[in-house]
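Enquirer: Just data_17.cif, nothing more (mmCIF, N, CA, C and O atoms):
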data_my_file
#
loop_
_atom_site.label_atom_id
_atom_site.label_comp_id
_atom_site.auth_asym_id
_atom_site.auth_seq_id
_atom_site.Cartn_x
_atom_site.Cartn_y
_atom_site.Cartn_z
N MET A 1 59.09 117.94 160.84
CA MET A 1 59.52 119.33 160.90
C MET A 1 60.53 119.57 159.78
O MET A 1 61.45 118.80 159.59
N ALA A 2 60.36 120.65 159.06
CA ALA A 2 61.24 120.98 157.95
C ALA A 2 62.39 121.85 158.43
O ALA A 2 62.26 122.63 159.38
N ILE A 3 63.51 121.73 157.75
CA ILE A 3 64.69 122.53 158.08
C ILE A 3 64.38 124.01 157.90
O ILE A 3 64.87 124.85 158.65
N ASP A 4 63.57 124.34 156.92
CA ASP A 4 63.24 125.74 156.62
C ASP A 4 62.59 126.47 157.80
O ASP A 4 62.65 127.68 157.88
N ASN A 5 61.97 125.72 158.71
CA ASN A 5 61.28 126.32 159.84
C ASN A 5 62.19 126.59 161.04
O ASN A 5 61.74 127.12 162.03
N LEU A 6 63.45 126.19 160.94
CA LEU A 6 64.37 126.33 162.07
C LEU A 6 65.22 127.59 161.95
O LEU A 6 65.67 127.94 160.86
N SER A 7 65.47 128.22 163.08
CA SER A 7 66.35 129.39 163.09
C SER A 7 67.79 128.92 162.90
O SER A 7 68.12 127.76 163.13
N SER A 8 68.64 129.84 162.50
CA SER A 8 70.05 129.49 162.31
C SER A 8 70.68 129.09 163.64
O SER A 8 71.56 128.23 163.69
N ASN A 9 70.21 129.68 164.73
CA ASN A 9 70.70 129.33 166.06
C ASN A 9 70.39 127.86 166.38
O ASN A 9 71.26 127.12 166.85
N ILE A 10 69.16 127.45 166.14
CA ILE A 10 68.75 126.06 166.38
C ILE A 10 69.55 125.12 165.47
O ILE A 10 70.01 124.07 165.91
N GLU A 11 69.74 125.51 164.23
CA GLU A 11 70.53 124.70 163.30
C GLU A 11 71.95 124.52 163.83
O GLU A 11 72.50 123.42 163.76
N ASP A 12 72.54 125.58 164.37
CA ASP A 12 73.89 125.50 164.92
C ASP A 12 73.96 124.49 166.07
O ASP A 12 74.91 123.70 166.15
N TYR A 13 72.99 124.51 166.94
CA TYR A 13 72.96 123.56 168.05
C TYR A 13 72.83 122.13 167.54
O TYR A 13 73.57 121.24 167.98
N LEU A 14 71.90 121.90 166.63
CA LEU A 14 71.71 120.54 166.11
C LEU A 14 72.96 120.03 165.42
O LEU A 14 73.38 118.89 165.63
N GLU A 15 73.57 120.88 164.60
CA GLU A 15 74.77 120.47 163.89
C GLU A 15 75.92 120.20 164.88
O GLU A 15 76.66 119.22 164.72
N THR A 16 76.05 121.01 165.89
CA THR A 16 77.09 120.83 166.89
C THR A 16 76.90 119.51 167.64
O THR A 16 77.85 118.74 167.82
N ILE A 17 75.69 119.23 168.07
CA ILE A 17 75.41 117.98 168.78
C ILE A 17 75.70 116.79 167.86
O ILE A 17 76.31 115.81 168.28
N TYR A 18 75.28 116.90 166.60
CA TYR A 18 75.51 115.84 165.62
C TYR A 18 77.01 115.57 165.45
O TYR A 18 77.45 114.42 165.50
N GLU A 19 77.79 116.62 165.28
CA GLU A 19 79.23 116.46 165.07
C GLU A 19 79.93 115.94 166.32
O GLU A 19 80.81 115.09 166.23
N LEU A 20 79.54 116.44 167.48
CA LEU A 20 80.14 115.96 168.73
C LEU A 20 79.80 114.48 168.97
O LEU A 20 80.66 113.71 169.39
N ALA A 21 78.57 114.11 168.68
CA ALA A 21 78.16 112.71 168.87
C ALA A 21 78.93 111.79 167.93
O ALA A 21 79.28 110.67 168.31
N TYR A 22 79.21 112.26 166.75
CA TYR A 22 79.97 111.46 165.78
C TYR A 22 81.41 111.26 166.26
O TYR A 22 81.96 110.17 166.17
N LYS A 23 82.01 112.32 166.80
CA LYS A 23 83.41 112.27 167.21
C LYS A 23 83.59 111.66 168.61
O LYS A 23 84.50 110.88 168.82
N GLU A 24 82.74 112.06 169.54
CA GLU A 24 82.95 111.70 170.94
C GLU A 24 82.01 110.60 171.45
O GLU A 24 82.23 110.07 172.51
N LYS A 25 80.95 110.33 170.74
CA LYS A 25 79.92 109.35 171.10
C LYS A 25 79.03 109.82 172.26
O LYS A 25 77.87 109.51 172.30
N VAL A 26 79.59 110.55 173.23
CA VAL A 26 78.81 111.07 174.35
C VAL A 26 78.88 112.59 174.32
O VAL A 26 79.95 113.16 174.23
N VAL A 27 77.71 113.22 174.36
CA VAL A 27 77.64 114.68 174.31
C VAL A 27 77.04 115.18 175.62
O VAL A 27 76.03 114.66 176.08
N ARG A 28 77.69 116.18 176.18
CA ARG A 28 77.21 116.81 177.41
C ARG A 28 77.08 118.32 177.18
O ARG A 28 77.65 118.85 176.23
N VAL A 29 76.37 118.97 178.06
CA VAL A 29 76.14 120.41 177.95
C VAL A 29 77.47 121.16 177.85
O VAL A 29 77.64 122.05 177.02
N LYS A 30 78.43 120.78 178.68
CA LYS A 30 79.71 121.49 178.68
C LYS A 30 80.43 121.36 177.34
O LYS A 30 81.10 122.28 176.90
N ASP A 31 80.26 120.22 176.66
CA ASP A 31 80.89 120.03 175.35
C ASP A 31 80.30 120.98 174.31
O ASP A 31 81.01 121.58 173.51
N ILE A 32 78.98 121.11 174.35
CA ILE A 32 78.29 122.01 173.42
C ILE A 32 78.69 123.45 173.71
O ILE A 32 78.99 124.22 172.79
N ALA A 33 78.72 123.82 174.99
CA ALA A 33 79.08 125.17 175.39
C ALA A 33 80.50 125.52 174.94
O ALA A 33 80.74 126.61 174.43
N GLU A 34 81.42 124.59 175.11
CA GLU A 34 82.80 124.83 174.69
C GLU A 34 82.91 124.98 173.18
O GLU A 34 83.58 125.88 172.69
N LYS A 35 82.24 124.12 172.46
CA LYS A 35 82.31 124.15 171.00
C LYS A 35 81.72 125.45 170.44
O LYS A 35 82.25 126.03 169.50
N LEU A 36 80.61 125.90 171.02
CA LEU A 36 79.95 127.12 170.55
C LEU A 36 80.44 128.37 171.27
O LEU A 36 80.02 129.48 170.93
N ASP A 37 81.31 128.18 172.25
CA ASP A 37 81.88 129.28 173.04
C ASP A 37 80.78 130.13 173.68
O ASP A 37 80.73 131.36 173.52
N ILE A 38 79.89 129.46 174.40
CA ILE A 38 78.80 130.14 175.10
C ILE A 38 78.65 129.56 176.51
O ILE A 38 79.25 128.54 176.84
N ASN A 39 77.83 130.19 177.29
CA ASN A 39 77.57 129.81 178.67
C ASN A 39 76.77 128.51 178.72
O ASN A 39 75.78 128.37 178.01
N PRO A 40 77.14 127.56 179.59
CA PRO A 40 76.38 126.32 179.71
C PRO A 40 74.89 126.53 180.03
O PRO A 40 74.04 125.76 179.58
N ALA A 41 74.57 127.57 180.78
CA ALA A 41 73.16 127.85 181.09
C ALA A 41 72.37 128.18 179.83
O ALA A 41 71.20 127.79 179.70
N SER A 42 73.00 128.86 178.88
CA SER A 42 72.35 129.17 177.61
C SER A 42 72.10 127.89 176.82
O SER A 42 71.06 127.74 176.16
N VAL A 43 73.04 126.97 176.88
CA VAL A 43 72.88 125.68 176.19
C VAL A 43 71.70 124.93 176.78
O VAL A 43 70.85 124.42 176.05
N THR A 44 71.62 124.89 178.09
CA THR A 44 70.52 124.18 178.75
C THR A 44 69.17 124.76 178.35
O THR A 44 68.22 124.01 178.08
N GLU A 45 69.09 126.06 178.27
CA GLU A 45 67.84 126.73 177.88
C GLU A 45 67.41 126.29 176.48
O GLU A 45 66.24 125.95 176.25
N ILE A 46 68.34 126.28 175.54
CA ILE A 46 68.02 125.86 174.17
C ILE A 46 67.70 124.37 174.12
O ILE A 46 66.82 123.94 173.36
N LEU A 47 68.38 123.57 174.93
CA LEU A 47 68.10 122.13 174.93
C LEU A 47 66.66 121.85 175.35
O LEU A 47 66.02 120.94 174.82
N TYR A 48 66.13 122.64 176.28
CA TYR A 48 64.72 122.48 176.66
C TYR A 48 63.80 122.77 175.48
O TYR A 48 62.81 122.07 175.26
N LYS A 49 64.14 123.79 174.70
CA LYS A 49 63.35 124.11 173.50
C LYS A 49 63.44 122.98 172.48
O LYS A 49 62.44 122.57 171.89
N LEU A 50 64.66 122.48 172.28
CA LEU A 50 64.86 121.38 171.33
C LEU A 50 64.14 120.12 171.80
O LEU A 50 63.61 119.36 170.99
N GLN A 51 64.10 119.92 173.10
CA GLN A 51 63.39 118.77 173.65
C GLN A 51 61.89 118.91 173.41
O GLN A 51 61.22 117.94 173.05
N ASP A 52 61.36 120.11 173.59
CA ASP A 52 59.94 120.37 173.33
C ASP A 52 59.60 120.15 171.86
O ASP A 52 58.46 119.81 171.53
N MET A 53 60.59 120.36 170.98
CA MET A 53 60.39 120.16 169.54
C MET A 53 60.63 118.70 169.14
O MET A 53 60.55 118.35 167.98
N ASN A 54 60.93 117.86 170.13
CA ASN A 54 61.21 116.44 169.93
C ASN A 54 62.44 116.22 169.03
O ASN A 54 62.46 115.30 168.21
N LEU A 55 63.45 117.06 169.19
CA LEU A 55 64.67 116.93 168.40
C LEU A 55 65.84 116.40 169.21
O LEU A 55 66.79 115.85 168.65
N VAL A 56 65.78 116.57 170.53
CA VAL A 56 66.82 116.02 171.41
C VAL A 56 66.18 115.43 172.66
O VAL A 56 65.05 115.74 173.01
N LYS A 57 66.98 114.60 173.33
CA LYS A 57 66.66 114.13 174.68
C LYS A 57 67.83 114.57 175.53
O LYS A 57 68.98 114.39 175.16
N HIS A 58 67.50 115.17 176.65
CA HIS A 58 68.53 115.71 177.54
C HIS A 58 68.30 115.20 178.94
O HIS A 58 67.26 115.47 179.54
N GLU A 59 69.25 114.44 179.43
CA GLU A 59 69.19 113.97 180.80
C GLU A 59 69.72 115.09 181.70
O GLU A 59 70.79 115.62 181.45
N LYS A 60 68.97 115.46 182.71
CA LYS A 60 69.41 116.53 183.60
C LYS A 60 70.78 116.17 184.17
O LYS A 60 70.97 115.08 184.70
N TYR A 61 71.72 117.08 184.02
CA TYR A 61 73.11 116.89 184.44
C TYR A 61 73.76 115.68 183.76
O TYR A 61 74.66 115.06 184.30
N GLY A 62 73.26 115.35 182.58
CA GLY A 62 73.79 114.16 181.91
C GLY A 62 73.99 114.36 180.43
O GLY A 62 74.32 115.44 179.95
N LYS A 63 73.73 113.30 179.72
CA LYS A 63 74.01 113.24 178.28
C LYS A 63 72.91 113.90 177.46
O LYS A 63 71.78 114.03 177.89
N VAL A 64 73.32 114.29 176.25
CA VAL A 64 72.39 114.87 175.28
C VAL A 64 72.38 113.95 174.07
O VAL A 64 73.42 113.55 173.57
N TYR A 65 71.19 113.59 173.64
CA TYR A 65 71.02 112.71 172.48
C TYR A 65 70.13 113.37 171.45
O TYR A 65 69.15 114.03 171.82
N LEU A 66 70.42 113.17 170.20
CA LEU A 66 69.49 113.57 169.14
C LEU A 66 68.44 112.48 169.01
O LEU A 66 68.75 111.30 169.06
N THR A 67 67.19 112.88 168.83
CA THR A 67 66.14 111.90 168.52
C THR A 67 66.33 111.47 167.08
O THR A 67 67.14 112.03 166.35
N LYS A 68 65.55 110.52 166.66
CA LYS A 68 65.62 110.06 165.27
C LYS A 68 65.36 111.23 164.32
O LYS A 68 66.10 111.45 163.35
N GLN A 69 64.33 112.01 164.62
CA GLN A 69 64.00 113.18 163.80
C GLN A 69 65.11 114.23 163.89
O GLN A 69 65.51 114.82 162.88
N GLY A 70 65.62 114.46 165.09
CA GLY A 70 66.69 115.43 165.27
C GLY A 70 67.95 115.05 164.52
O GLY A 70 68.62 115.88 163.91
N LYS A 71 68.27 113.77 164.55
CA LYS A 71 69.47 113.28 163.84
C LYS A 71 69.31 113.45 162.34
O LYS A 71 70.26 113.87 161.65
N ALA A 72 68.14 113.15 161.81
CA ALA A 72 67.90 113.29 160.37
C ALA A 72 68.04 114.76 159.94
O ALA A 72 68.67 115.05 158.92
N ILE A 73 67.47 115.66 160.72
CA ILE A 73 67.57 117.09 160.40
C ILE A 73 69.01 117.57 160.53
O ILE A 73 69.52 118.28 159.66
N ALA A 74 69.68 117.17 161.61
CA ALA A 74 71.06 117.59 161.84
C ALA A 74 71.98 117.09 160.71
O ALA A 74 72.89 117.81 160.28
N LYS A 75 71.74 115.90 160.24
CA LYS A 75 72.54 115.35 159.14
C LYS A 75 72.35 116.18 157.88
O LYS A 75 73.32 116.49 157.18
N LYS A 76 71.12 116.56 157.59
CA LYS A 76 70.85 117.41 156.42
C LYS A 76 71.54 118.76 156.55
O LYS A 76 72.11 119.27 155.59
N ILE A 77 71.47 119.34 157.74
CA ILE A 77 72.11 120.64 157.99
C ILE A 77 73.62 120.52 157.79
O ILE A 77 74.24 121.34 157.12
N SER A 78 74.21 119.48 158.37
CA SER A 78 75.65 119.27 158.27
C SER A 78 76.07 119.08 156.81
O SER A 78 77.06 119.68 156.36
N ASN A 79 75.32 118.28 156.08
CA ASN A 79 75.64 118.06 154.66
C ASN A 79 75.52 119.34 153.85
O ASN A 79 76.35 119.63 152.99
N ARG A 80 74.48 120.11 154.13
CA ARG A 80 74.29 121.38 153.43
C ARG A 80 75.45 122.33 153.70
O ARG A 80 75.97 122.97 152.78
N HIS A 81 75.90 122.40 154.92
CA HIS A 81 77.01 123.28 155.27
C HIS A 81 78.32 122.82 154.64
O HIS A 81 79.13 123.64 154.21
N LYS A 82 78.52 121.51 154.56
CA LYS A 82 79.73 120.98 153.92
C LYS A 82 79.75 121.35 152.43
O LYS A 82 80.78 121.72 151.89
N ILE A 83 78.60 121.27 151.79
CA ILE A 83 78.50 121.62 150.38
C ILE A 83 78.79 123.12 150.18
O ILE A 83 79.49 123.50 149.26
N LEU A 84 78.25 123.95 151.07
CA LEU A 84 78.49 125.40 150.96
C LEU A 84 79.97 125.74 151.16
O LEU A 84 80.49 126.65 150.50
N VAL A 85 80.64 125.03 152.05
CA VAL A 85 82.04 125.28 152.31
C VAL A 85 82.90 124.87 151.10
O VAL A 85 83.85 125.57 150.74
N GLU A 86 82.53 123.77 150.49
CA GLU A 86 83.27 123.30 149.31
C GLU A 86 83.05 124.24 148.16
O GLU A 86 83.85 124.57 147.38
#
Starting from the coordinates I provided, produce the structure as structure tokens.
Expert:
Amino acid sequence: MAIDNLSSNIEDYLETIYELAYKEKVVRVKDIAEKLDINPASVTEILYKLQDMNLVKHEKYGKVYLTKQGKAIAKKISNRHKILVE
């Protein structure tokens, strides 16, 4: 899956999960919701979409993991955003 095919909303979720996993090692729905300042139910809804796209694995009431493909895409998104900020 190419980055060009992803909405900015999906990119935000992937980048957030990537950054939280780097800092905290364990990512949960509440962590994503707090970071993005949104309702946890909205996070869960998007996680199901990301799971269908094979970009994350989400344990019900548990941890959120990026898949190998999800991590690669999230890393590219994060690097691109860092370059734009600089």
Enquirer: By how many Å are atom C of A:Leu6 and atom O of A:Val26 apart?
Expert: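 Atom O of A:Val26 lies at a distance of 24.0 Å from atom C of A:Leu6.
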Enquirer: I'd like the residues picked by the PyMOL selection byres ((chain A and resi 27) around 7) written out as a PDB file with N, CA, C and O atoms, keeping the file's coordinate frame, using the chain letters and numbers from the file.
Expert:
ATOM      1  N   ILE A  17      75.690 119.230 168.070  1.00  0.00           N
ATOM      2  CA  ILE A  17      75.410 117.980 168.780  1.00  0.00           C
ATOM      3  C   ILE A  17      75.700 116.790 167.860  1.00  0.00           C
ATOM      4  O   ILE A  17      76.310 115.810 168.280  1.00  0.00           O
ATOM      5  N   LEU A  20      79.540 116.440 167.480  1.00  0.00           N
ATOM      6  CA  LEU A  20      80.140 115.960 168.730  1.00  0.00           C
ATOM      7  C   LEU A  20      79.800 114.480 168.970  1.00  0.00           C
ATOM      8  O   LEU A  20      80.660 113.710 169.390  1.00  0.00           O
ATOM      9  N   ALA A  21      78.570 114.110 168.680  1.00  0.00           N
ATOM     10  CA  ALA A  21      78.160 112.710 168.870  1.00  0.00           C
ATOM     11  C   ALA A  21      78.930 111.790 167.930  1.00  0.00           C
ATOM     12  O   ALA A  21      79.280 110.670 168.310  1.00  0.00           O
ATOM     13  N   GLU A  24      82.740 112.060 169.540  1.00  0.00           N
ATOM     14  CA  GLU A  24      82.950 111.700 170.940  1.00  0.00           C
ATOM     15  C   GLU A  24      82.010 110.600 171.450  1.00  0.00           C
ATOM     16  O   GLU A  24      82.230 110.070 172.510  1.00  0.00           O
ATOM     17  N   LYS A  25      80.950 110.330 170.740  1.00  0.00           N
ATOM     18  CA  LYS A  25      79.920 109.350 171.100  1.00  0.00           C
ATOM     19  C   LYS A  25      79.030 109.820 172.260  1.00  0.00           C
ATOM     20  O   LYS A  25      77.870 109.510 172.300  1.00  0.00           O
ATOM     21  N   VAL A  26      79.590 110.550 173.230  1.00  0.00           N
ATOM     22  CA  VAL A  26      78.810 111.070 174.350  1.00  0.00           C
ATOM     23  C   VAL A  26      78.880 112.590 174.320  1.00  0.00           C
ATOM     24  O   VAL A  26      79.950 113.160 174.230  1.00  0.00           O
ATOM     25  N   ARG A  28      77.690 116.180 176.180  1.00  0.00           N
ATOM     26  CA  ARG A  28      77.210 116.810 177.410  1.00  0.00           C
ATOM     27  C   ARG A  28      77.080 118.320 177.180  1.00  0.00           C
ATOM     28  O   ARG A  28      77.650 118.850 176.230  1.00  0.00           O
ATOM     29  N   VAL A  29      76.370 118.970 178.060  1.00  0.00           N
ATOM     30  CA  VAL A  29      76.140 120.410 177.950  1.00  0.00           C
ATOM     31  C   VAL A  29      77.470 121.160 177.850  1.00  0.00           C
ATOM     32  O   VAL A  29      77.640 122.050 177.020  1.00  0.00           O
ATOM     33  N   LYS A  30      78.430 120.780 178.680  1.00  0.00           N
ATOM     34  CA  LYS A  30      79.710 121.490 178.680  1.00  0.00           C
ATOM     35  C   LYS A  30      80.430 121.360 177.340  1.00  0.00           C
ATOM     36  O   LYS A  30      81.100 122.280 176.900  1.00  0.00           O
ATOM     37  N   ASP A  31      80.260 120.220 176.660  1.00  0.00           N
ATOM     38  CA  ASP A  31      80.890 120.030 175.350  1.00  0.00           C
ATOM     39  C   ASP A  31      80.300 120.980 174.310  1.00  0.00           C
ATOM     40  O   ASP A  31      81.010 121.580 173.510  1.00  0.00           O
ATOM     41  N   ILE A  32      78.980 121.110 174.350  1.00  0.00           N
ATOM     42  CA  ILE A  32      78.290 122.010 173.420  1.00  0.00           C
ATOM     43  C   ILE A  32      78.690 123.450 173.710  1.00  0.00           C
ATOM     44  O   ILE A  32      78.990 124.220 172.790  1.00  0.00           O
ATOM     45  N   GLY A  62      73.260 115.350 182.580  1.00  0.00           N
ATOM     46  CA  GLY A  62      73.790 114.160 181.910  1.00  0.00           C
ATOM     47  C   GLY A  62      73.990 114.360 180.430  1.00  0.00           C
ATOM     48  O   GLY A  62      74.320 115.440 179.950  1.00  0.00           O
ATOM     49  N   LYS A  63      73.730 113.300 179.720  1.00  0.00           N
ATOM     50  CA  LYS A  63      74.010 113.240 178.280  1.00  0.00           C
ATOM     51  C   LYS A  63      72.910 113.900 177.460  1.00  0.00           C
ATOM     52  O   LYS A  63      71.780 114.030 177.890  1.00  0.00           O
ATOM     53  N   VAL A  64      73.320 114.290 176.250  1.00  0.00           N
ATOM     54  CA  VAL A  64      72.390 114.870 175.280  1.00  0.00           C
ATOM     55  C   VAL A  64      72.380 113.950 174.070  1.00  0.00           C
ATOM     56  O   VAL A  64      73.420 113.550 173.570  1.00  0.00           O
ATOM     57  N   TYR A  65      71.190 113.590 173.640  1.00  0.00           N
ATOM     58  CA  TYR A  65      71.020 112.710 172.480  1.00  0.00           C
ATOM     59  C   TYR A  65      70.130 113.370 171.450  1.00  0.00           C
ATOM     60  O   TYR A  65      69.150 114.030 171.820  1.00  0.00           O
TER      61      TYR A  65
END
Enquirer: Please evaluate the PyMOL selection byres ((chain A and resi 70) around 8) against the structure above and give the resulting residues as a PyMOL selection string.
Expert: chain A and resi 14-15+18+50+53-56+65-69+71-77
Enquirer: Restricting it to N, CA, C and O atoms, dump the selection as a tab-separated table (two decimals), keeping the file's coordinate frame.
Expert:
chain	number	residue	atom	x	y	z
A	14	LEU	N	71.90	121.90	166.63
A	14	LEU	CA	71.71	120.54	166.11
A	14	LEU	C	72.96	120.03	165.42
A	14	LEU	O	73.38	118.89	165.63
A	15	GLU	N	73.57	120.88	164.60
A	15	GLU	CA	74.77	120.47	163.89
A	15	GLU	C	75.92	120.20	164.88
A	15	GLU	O	76.66	119.22	164.72
A	18	TYR	N	75.28	116.90	166.60
A	18	TYR	CA	75.51	115.84	165.62
A	18	TYR	C	77.01	115.57	165.45
A	18	TYR	O	77.45	114.42	165.50
A	50	LEU	N	64.66	122.48	172.28
A	50	LEU	CA	64.86	121.38	171.33
A	50	LEU	C	64.14	120.12	171.80
A	50	LEU	O	63.61	119.36	170.99
A	53	MET	N	60.59	120.36	170.98
A	53	MET	CA	60.39	120.16	169.54
A	53	MET	C	60.63	118.70	169.14
A	53	MET	O	60.55	118.35	167.98
A	54	ASN	N	60.93	117.86	170.13
A	54	ASN	CA	61.21	116.44	169.93
A	54	ASN	C	62.44	116.22	169.03
A	54	ASN	O	62.46	115.30	168.21
A	55	LEU	N	63.45	117.06	169.19
A	55	LEU	CA	64.67	116.93	168.40
A	55	LEU	C	65.84	116.40	169.21
A	55	LEU	O	66.79	115.85	168.65
A	56	VAL	N	65.78	116.57	170.53
A	56	VAL	CA	66.82	116.02	171.41
A	56	VAL	C	66.18	115.43	172.66
A	56	VAL	O	65.05	115.74	173.01
A	65	TYR	N	71.19	113.59	173.64
A	65	TYR	CA	71.02	112.71	172.48
A	65	TYR	C	70.13	113.37	171.45
A	65	TYR	O	69.15	114.03	171.82
A	66	LEU	N	70.42	113.17	170.20
A	66	LEU	CA	69.49	113.57	169.14
A	66	LEU	C	68.44	112.48	169.01
A	66	LEU	O	68.75	111.30	169.06
A	67	THR	N	67.19	112.88	168.83
A	67	THR	CA	66.14	111.90	168.52
A	67	THR	C	66.33	111.47	167.08
A	67	THR	O	67.14	112.03	166.35
A	68	LYS	N	65.55	110.52	166.66
A	68	LYS	CA	65.62	110.06	165.27
A	68	LYS	C	65.36	111.23	164.32
A	68	LYS	O	66.10	111.45	163.35
A	69	GLN	N	64.33	112.01	164.62
A	69	GLN	CA	64.00	113.18	163.80
A	69	GLN	C	65.11	114.23	163.89
A	69	GLN	O	65.51	114.82	162.88
A	71	LYS	N	68.27	113.77	164.55
A	71	LYS	CA	69.47	113.28	163.84
A	71	LYS	C	69.31	113.45	162.34
A	71	LYS	O	70.26	113.87	161.65
A	72	ALA	N	68.14	113.15	161.81
A	72	ALA	CA	67.90	113.29	160.37
A	72	ALA	C	68.04	114.76	159.94
A	72	ALA	O	68.67	115.05	158.92
A	73	ILE	N	67.47	115.66	160.72
A	73	ILE	CA	67.57	117.09	160.40
A	73	ILE	C	69.01	117.57	160.53
A	73	ILE	O	69.52	118.28	159.66
A	74	ALA	N	69.68	117.17	161.61
A	74	ALA	CA	71.06	117.59	161.84
A	74	ALA	C	71.98	117.09	160.71
A	74	ALA	O	72.89	117.81	160.28
A	75	LYS	N	71.74	115.90	160.24
A	75	LYS	CA	72.54	115.35	159.14
A	75	LYS	C	72.35	116.18	157.88
A	75	LYS	O	73.32	116.49	157.18
A	76	LYS	N	71.12	116.56	157.59
A	76	LYS	CA	70.85	117.41	156.42
A	76	LYS	C	71.54	118.76	156.55
A	76	LYS	O	72.11	119.27	155.59
A	77	ILE	N	71.47	119.34	157.74
A	77	ILE	CA	72.11	120.64	157.99
A	77	ILE	C	73.62	120.52	157.79
A	77	ILE	O	74.24	121.34	157.12
Enquirer: For a test of reading the model, state the distance in Å between atom CA of A:Glu59 and atom CA of A:Lys82, rounded to one decimal.
Expert: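 Spanning atom CA of A:Glu59 to atom CA of A:Lys82 is a straight-line distance of 29.7 Å.
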Enquirer: In Å to one decimal, how far is atom CA of A:Tyr48 from atom CA of A:Ser78?
Expert: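 Atom-to-atom, atom CA of A:Ser78 and atom CA of A:Tyr48 are spaced 21.6 Å apart.
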Enquirer: How big is the axis-aligned box around all listed atoms of stretch 70-76 of chain A once 4 Å goes on each side, and where's its centre, in Å to one decimal, as lines of an AutoDock Vina configuration file?
Expert:
center_x = 69.5
center_y = 116.2
center_z = 160.4
size_x = 15.7
size_y = 14.1
size_z = 17.7
Enquirer: Which of stretch 24-79 of chain A counts as helix (DSSP H, G or I) under DSSP, as a ChimeraX atom specification please?
Expert: /A:24,29-36,40-52,68-79
Enquirer: Hey, which of A:Glu34, A:Asn79, A:Asp12, A:Glu19 ends up closest to A:Ile46? Count only C-alpha atoms.
Expert: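 Among A:Glu34, A:Asn79, A:Asp12, A:Glu19, it is A:Asp12 that comes nearest to A:Ile46.
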Enquirer: Taking into account only C-alpha atoms, which residue in the set A:Ala33, A:Ile83, A:Ala41, A:Leu47 is nearest to A:Ile10?
Expert: A:Leu47
